[in-house]
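Just below is one structure, and these are the notes that go with it.
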Amino acid sequence: MKRFIRIVGISLGLLLLFLVAVVFTNGWLQRQNEQLLADTIRARTTQFTQILALTKADPPPWTEDFTRSLGHALDARLIVLETPPPTAPTPGISSERWRFDHVFRNAEGAPTAYVRVQLQPPPTVRVMVMLNRVSALLLSLALLLLVVLILLVLVDSRWLQTDETSELARDTAPRDEVTILSRLAERSVRQSAELEKEREDRQRAEADAHLKQILLNQALQEKIDMGRDLHDGLIQSLYATGLTIQAGRKALDHDHAEARTQIDTALQTLNSAIREVRAYISGLGPEHLRQRSFGDSVRAVVEHHCAVRELAVDVRIDEETANHLAPAQVTDLLQIVREAVSNSVRHGHARQLSVVLHRNGDELCLLIQDNGRGFDLPSAIRGHGLDNMQARAERLGAKLQCHTAPGQGTRLVLTFTAPASPHRS
């Protein structure tokens with residue numbers, strides 16, 4: 001009986017410790033989720049406003065194609081409401097909180113239409129719901145074990161006395177307790193590994209969302225810059241040309257020389273505007289956009305992951321080589337760069353990092369190298385990172401090689417056959 005009471009007491013203590021850890025983890029994840037919710041809604045609200053301004057969209061009702069296009073651009077579902085939206089959702093862990101409402105108003109400031117933008121909640125919402133259920137279950141189990149332990153202690157002392165048979169079994173008791181404790185320890189390690197996996201999946205999802213956000217913000221900024229350039233350059237030139245023609249028409253009746261001078265000036269202004277448009281269009285060619293997109297995207301990914309650590313970064317992109325990449329290849333290469341740089345900073349604690357894209361004969365080569373801790377590749381516990389990079393390499397028809405050793409940094413080399421000619425959009 002004493003041995004049984006000890007086992008129940010030890011199990012209760014371990015369960016309470018694990019319950020404290022689960023509650024702490026749940027609280028931390030909830031704070032992270034609240035911060036991610038606030039940042040995401042703020043960013044998507046700004047994007048929605050910018051897209052409406054760029055498209056010059058009228059208030060609803062909208063066509064299904066236009067609503068679907070807006071939802072695809074925001075990665076969300078748009079709902080046009082016929083009545084004012086209800087009050088905000090109650091605080092807590094719920095996917096309904098991942099939304100915001102936009103009100104269209106007329107010139108007098110009165111509301112005319114309402115649109116609800118429903119966002120996709122991240123995996124952390126499901127993780128916190130699961131942790132809440134696990135916490136409730138563990139708390140119930142802990143209370144049950146506590147009641148059992150109290151009842152056993154309050155039992156008559158006759159049941160707590162050991163007899164001769166307990167003396168004979170004393171030699172085997174420690175072995176049984178060690179077996180139970182070892183099983184509890186294995187279960188605790190397994191549960192810790194599952195929590196770590198969930199955390200890495202959440203961080204990977206956040207990194208993917210951040211990369212998509214970078215590319216979307218870059219596209220929106222390019223459209224805004226295009227509108228600004230056209231307004232400040234071409235439209236102003238055409239407006240000046242119109243004023244010159246009006247002045248020439250007025251002078252045509254009384255001063256032919258002045259009218260001819262005004263018309264010549266207008267022709268010169270138009271020719272200058274034509275040259276300006278041609279130069280602007282040449283700057284929007286596929287080659288120009290692709291070079292800027294891939295190189296800037298690689299630097300944006302590297303700067304994002306290296307922002308919290310002092311790191312010497314060397315990014316060298318062969319722009320002529322980058323011209324040969326198709327959009328799907330660019331996406332896979334950016335994801336490989338993101339995963340490798342994240343591993344170098346978070347796990348390798350590197351101080352120097354190099355990202356190089358160049359051509360070697362008929363092959364394109366992507367090199368990512370750091371001077372971090374390195375690791376023993378044969379005995380390393382493989383996570384999703386290496387497997388994802390290998391899967392992307394196979395989709396590219398490429399060969400991925402990883403050279404590393406403890407204390408000697410990590411070197412990733414990706415090689416694949418170069419296309420015969422630059423990609424055409």
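We name chains A, B, ... following the order of the structure tokens; residues begin at 1 in each chain, and ligands are numbered from 1 as shown.
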Would you please give, as a PDB file with N, CA and C atoms, in the first residue's frame, all residues of range 49-137 of chain A that DSSP assigns to alpha helix (DSSP H) based on the backbone?
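out23.pdb was written with the following content:
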ATOM      1  N   THR A  49      -7.382  49.242 -48.189  1.00  0.00           N
ATOM      2  CA  THR A  49      -7.587  50.653 -48.538  1.00  0.00           C
ATOM      3  C   THR A  49      -6.781  51.041 -49.768  1.00  0.00           C
ATOM      4  N   GLN A  50      -5.512  50.567 -49.841  1.00  0.00           N
ATOM      5  CA  GLN A  50      -4.671  50.890 -51.000  1.00  0.00           C
ATOM      6  C   GLN A  50      -5.222  50.270 -52.286  1.00  0.00           C
ATOM      7  N   ILE A  51      -5.713  49.036 -52.203  1.00  0.00           N
ATOM      8  CA  ILE A  51      -6.249  48.380 -53.399  1.00  0.00           C
ATOM      9  C   ILE A  51      -7.496  49.114 -53.885  1.00  0.00           C
ATOM     10  N   LEU A  52      -8.386  49.520 -52.951  1.00  0.00           N
ATOM     11  CA  LEU A  52      -9.570  50.282 -53.361  1.00  0.00           C
ATOM     12  C   LEU A  52      -9.176  51.597 -54.010  1.00  0.00           C
ATOM     13  N   ALA A  53      -8.105  52.236 -53.466  1.00  0.00           N
ATOM     14  CA  ALA A  53      -7.666  53.497 -54.055  1.00  0.00           C
ATOM     15  C   ALA A  53      -7.068  53.288 -55.439  1.00  0.00           C
ATOM     16  N   LEU A  54      -6.300  52.202 -55.608  1.00  0.00           N
ATOM     17  CA  LEU A  54      -5.663  51.942 -56.909  1.00  0.00           C
ATOM     18  C   LEU A  54      -6.710  51.590 -57.969  1.00  0.00           C
ATOM     19  N   THR A  55      -7.679  50.745 -57.594  1.00  0.00           N
ATOM     20  CA  THR A  55      -8.698  50.319 -58.556  1.00  0.00           C
ATOM     21  C   THR A  55      -9.818  51.329 -58.746  1.00  0.00           C
ATOM     22  N   GLU A  64     -19.408  39.361 -58.854  1.00  0.00           N
ATOM     23  CA  GLU A  64     -18.737  38.231 -58.201  1.00  0.00           C
ATOM     24  C   GLU A  64     -17.261  38.156 -58.602  1.00  0.00           C
ATOM     25  N   ASP A  65     -16.944  38.461 -59.857  1.00  0.00           N
ATOM     26  CA  ASP A  65     -15.537  38.411 -60.295  1.00  0.00           C
ATOM     27  C   ASP A  65     -14.704  39.450 -59.566  1.00  0.00           C
ATOM     28  N   PHE A  66     -15.247  40.659 -59.416  1.00  0.00           N
ATOM     29  CA  PHE A  66     -14.485  41.701 -58.724  1.00  0.00           C
ATOM     30  C   PHE A  66     -14.298  41.364 -57.243  1.00  0.00           C
ATOM     31  N   THR A  67     -15.389  40.851 -56.618  1.00  0.00           N
ATOM     32  CA  THR A  67     -15.267  40.447 -55.204  1.00  0.00           C
ATOM     33  C   THR A  67     -14.251  39.328 -55.042  1.00  0.00           C
ATOM     34  N   ARG A  68     -14.276  38.351 -55.967  1.00  0.00           N
ATOM     35  CA  ARG A  68     -13.323  37.235 -55.889  1.00  0.00           C
ATOM     36  C   ARG A  68     -11.893  37.728 -56.097  1.00  0.00           C
ATOM     37  N   SER A  69     -11.698  38.678 -57.003  1.00  0.00           N
ATOM     38  CA  SER A  69     -10.346  39.210 -57.249  1.00  0.00           C
ATOM     39  C   SER A  69      -9.815  39.938 -56.020  1.00  0.00           C
ATOM     40  N   LEU A  70     -10.663  40.750 -55.377  1.00  0.00           N
ATOM     41  CA  LEU A  70     -10.233  41.422 -54.150  1.00  0.00           C
ATOM     42  C   LEU A  70      -9.893  40.417 -53.054  1.00  0.00           C
ATOM     43  N   GLY A  71     -10.740  39.381 -52.908  1.00  0.00           N
ATOM     44  CA  GLY A  71     -10.444  38.359 -51.892  1.00  0.00           C
ATOM     45  C   GLY A  71      -9.155  37.625 -52.183  1.00  0.00           C
ATOM     46  N   HIS A  72      -8.880  37.339 -53.483  1.00  0.00           N
ATOM     47  CA  HIS A  72      -7.630  36.654 -53.829  1.00  0.00           C
ATOM     48  C   HIS A  72      -6.417  37.542 -53.543  1.00  0.00           C
ATOM     49  N   ALA A  73      -6.544  38.846 -53.808  1.00  0.00           N
ATOM     50  CA  ALA A  73      -5.414  39.748 -53.544  1.00  0.00           C
ATOM     51  C   ALA A  73      -5.110  39.854 -52.053  1.00  0.00           C
ATOM     52  N   LEU A  74      -6.155  39.761 -51.218  1.00  0.00           N
ATOM     53  CA  LEU A  74      -5.957  39.867 -49.771  1.00  0.00           C
ATOM     54  C   LEU A  74      -5.797  38.518 -49.089  1.00  0.00           C
ATOM     55  N   PRO A 123      -2.207  28.540 -37.908  1.00  0.00           N
ATOM     56  CA  PRO A 123      -2.287  27.274 -37.160  1.00  0.00           C
ATOM     57  C   PRO A 123      -2.223  27.460 -35.656  1.00  0.00           C
ATOM     58  N   THR A 124      -1.721  28.605 -35.171  1.00  0.00           N
ATOM     59  CA  THR A 124      -1.599  28.774 -33.718  1.00  0.00           C
ATOM     60  C   THR A 124      -2.957  28.783 -33.027  1.00  0.00           C
ATOM     61  N   VAL A 125      -4.031  29.184 -33.728  1.00  0.00           N
ATOM     62  CA  VAL A 125      -5.351  29.169 -33.113  1.00  0.00           C
ATOM     63  C   VAL A 125      -5.752  27.741 -32.772  1.00  0.00           C
ATOM     64  N   ARG A 126      -5.534  26.815 -33.731  1.00  0.00           N
ATOM     65  CA  ARG A 126      -5.859  25.414 -33.455  1.00  0.00           C
ATOM     66  C   ARG A 126      -4.970  24.854 -32.353  1.00  0.00           C
ATOM     67  N   VAL A 127      -3.695  25.274 -32.319  1.00  0.00           N
ATOM     68  CA  VAL A 127      -2.796  24.780 -31.276  1.00  0.00           C
ATOM     69  C   VAL A 127      -3.273  25.218 -29.901  1.00  0.00           C
ATOM     70  N   MET A 128      -3.701  26.485 -29.753  1.00  0.00           N
ATOM     71  CA  MET A 128      -4.138  26.977 -28.449  1.00  0.00           C
ATOM     72  C   MET A 128      -5.453  26.329 -28.019  1.00  0.00           C
ATOM     73  N   VAL A 129      -6.350  26.042 -28.982  1.00  0.00           N
ATOM     74  CA  VAL A 129      -7.573  25.326 -28.630  1.00  0.00           C
ATOM     75  C   VAL A 129      -7.237  23.934 -28.107  1.00  0.00           C
ATOM     76  N   MET A 130      -6.300  23.273 -28.785  1.00  0.00           N
ATOM     77  CA  MET A 130      -5.888  21.940 -28.336  1.00  0.00           C
ATOM     78  C   MET A 130      -5.256  22.014 -26.950  1.00  0.00           C
ATOM     79  N   LEU A 131      -4.408  23.027 -26.704  1.00  0.00           N
ATOM     80  CA  LEU A 131      -3.772  23.164 -25.400  1.00  0.00           C
ATOM     81  C   LEU A 131      -4.793  23.445 -24.298  1.00  0.00           C
ATOM     82  N   ASN A 132      -5.825  24.218 -24.596  1.00  0.00           N
ATOM     83  CA  ASN A 132      -6.863  24.464 -23.597  1.00  0.00           C
ATOM     84  C   ASN A 132      -7.578  23.173 -23.220  1.00  0.00           C
ATOM     85  N   ARG A 133      -7.862  22.348 -24.233  1.00  0.00           N
ATOM     86  CA  ARG A 133      -8.534  21.076 -23.938  1.00  0.00           C
ATOM     87  C   ARG A 133      -7.610  20.156 -23.140  1.00  0.00           C
ATOM     88  N   VAL A 134      -6.331  20.113 -23.533  1.00  0.00           N
ATOM     89  CA  VAL A 134      -5.386  19.284 -22.789  1.00  0.00           C
ATOM     90  C   VAL A 134      -5.248  19.776 -21.351  1.00  0.00           C
ATOM     91  N   SER A 135      -5.217  21.100 -21.162  1.00  0.00           N
ATOM     92  CA  SER A 135      -5.091  21.653 -19.813  1.00  0.00           C
ATOM     93  C   SER A 135      -6.287  21.260 -18.954  1.00  0.00           C
ATOM     94  N   ALA A 136      -7.507  21.349 -19.528  1.00  0.00           N
ATOM     95  CA  ALA A 136      -8.695  20.972 -18.772  1.00  0.00           C
ATOM     96  C   ALA A 136      -8.672  19.485 -18.402  1.00  0.00           C
ATOM     97  N   LEU A 137      -8.256  18.647 -19.371  1.00  0.00           N
ATOM     98  CA  LEU A 137      -8.192  17.216 -19.097  1.00  0.00           C
ATOM     99  C   LEU A 137      -7.159  16.902 -18.016  1.00  0.00           C
TER     100      LEU A 137
END
Which residues are near range 258-264 of chain A? Cut-off 8 Å, only C-alpha atoms, ignore same chain within fewer than 3 positions. Put them as a short mmCIF file (atom, residue, chain, number, x, y, z; two decimals) with C-alpha atoms, in the first residue's frame.
data_model
loop_
_atom_site.label_atom_id
_atom_site.label_comp_id
_atom_site.auth_asym_id
_atom_site.auth_seq_id
_atom_site.Cartn_x
_atom_site.Cartn_y
_atom_site.Cartn_z
CA THR A 244 0.71 75.99 -75.44
CA ILE A 245 -1.76 74.92 -78.16
CA ALA A 247 -2.10 80.10 -76.63
CA GLY A 248 -1.23 79.42 -80.29
CA ARG A 249 -4.90 79.24 -81.26
CA LYS A 250 -5.56 82.62 -79.63
CA ALA A 251 -2.56 84.19 -81.43
CA LEU A 252 -3.57 82.70 -84.80
CA ASP A 255 -0.05 87.25 -84.85
CA LEU A 267 5.52 69.86 -81.04
CA GLN A 268 8.79 69.86 -79.15
#
Inset, instruction - Please identify all polymer residues within 6 Å of Tyr114 in chain A, counting only C-alpha atoms, omitting same-chain residues fewer than 4 positions from it, and present them as a PyMOL selection string. - result: chain A and resi 81+102-103
Inset, instruction - Using only C-alpha atoms, determine which residues lie at most 12 Å from Pro85 in chain A, disregarding the query and same-chain residues fewer than 2 positions distant; provide the list as a ChimeraX atom specification. - result: /A:79-83,87-89,99-103,111,113-117
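We find CA of Leu12 in chain A and CA of Leu143 in chain A to be spaced 8.8 Å apart.
Using only C-alpha atoms, the shortest contact distance between Ser344 in chain A and any of A:Asp253, A:Asp370, A:Glu363, A:Asp296 is found at A:Asp370.
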Inset, instruction - Might you pull out every residue within 12 Å of Leu14 in chain A, with only C-alpha atoms counted and same-chain residues fewer than 3 positions away left off, and present them as a list in words? - result: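 Once the nearby chain positions are removed, what remains is Ile7, Val8, Gly9, Ile10, Ser11, Leu17, Phe18, Leu19, Val20, Ala21, Leu138, Leu141, Ala142, Leu145, Ile180, Leu181, Leu184, Ala185, Arg187 and Ser188 of chain A.
For the pair CA of Ala300 in chain A and CA of Thr321 in chain A, the interatomic distance is 19.2 Å.
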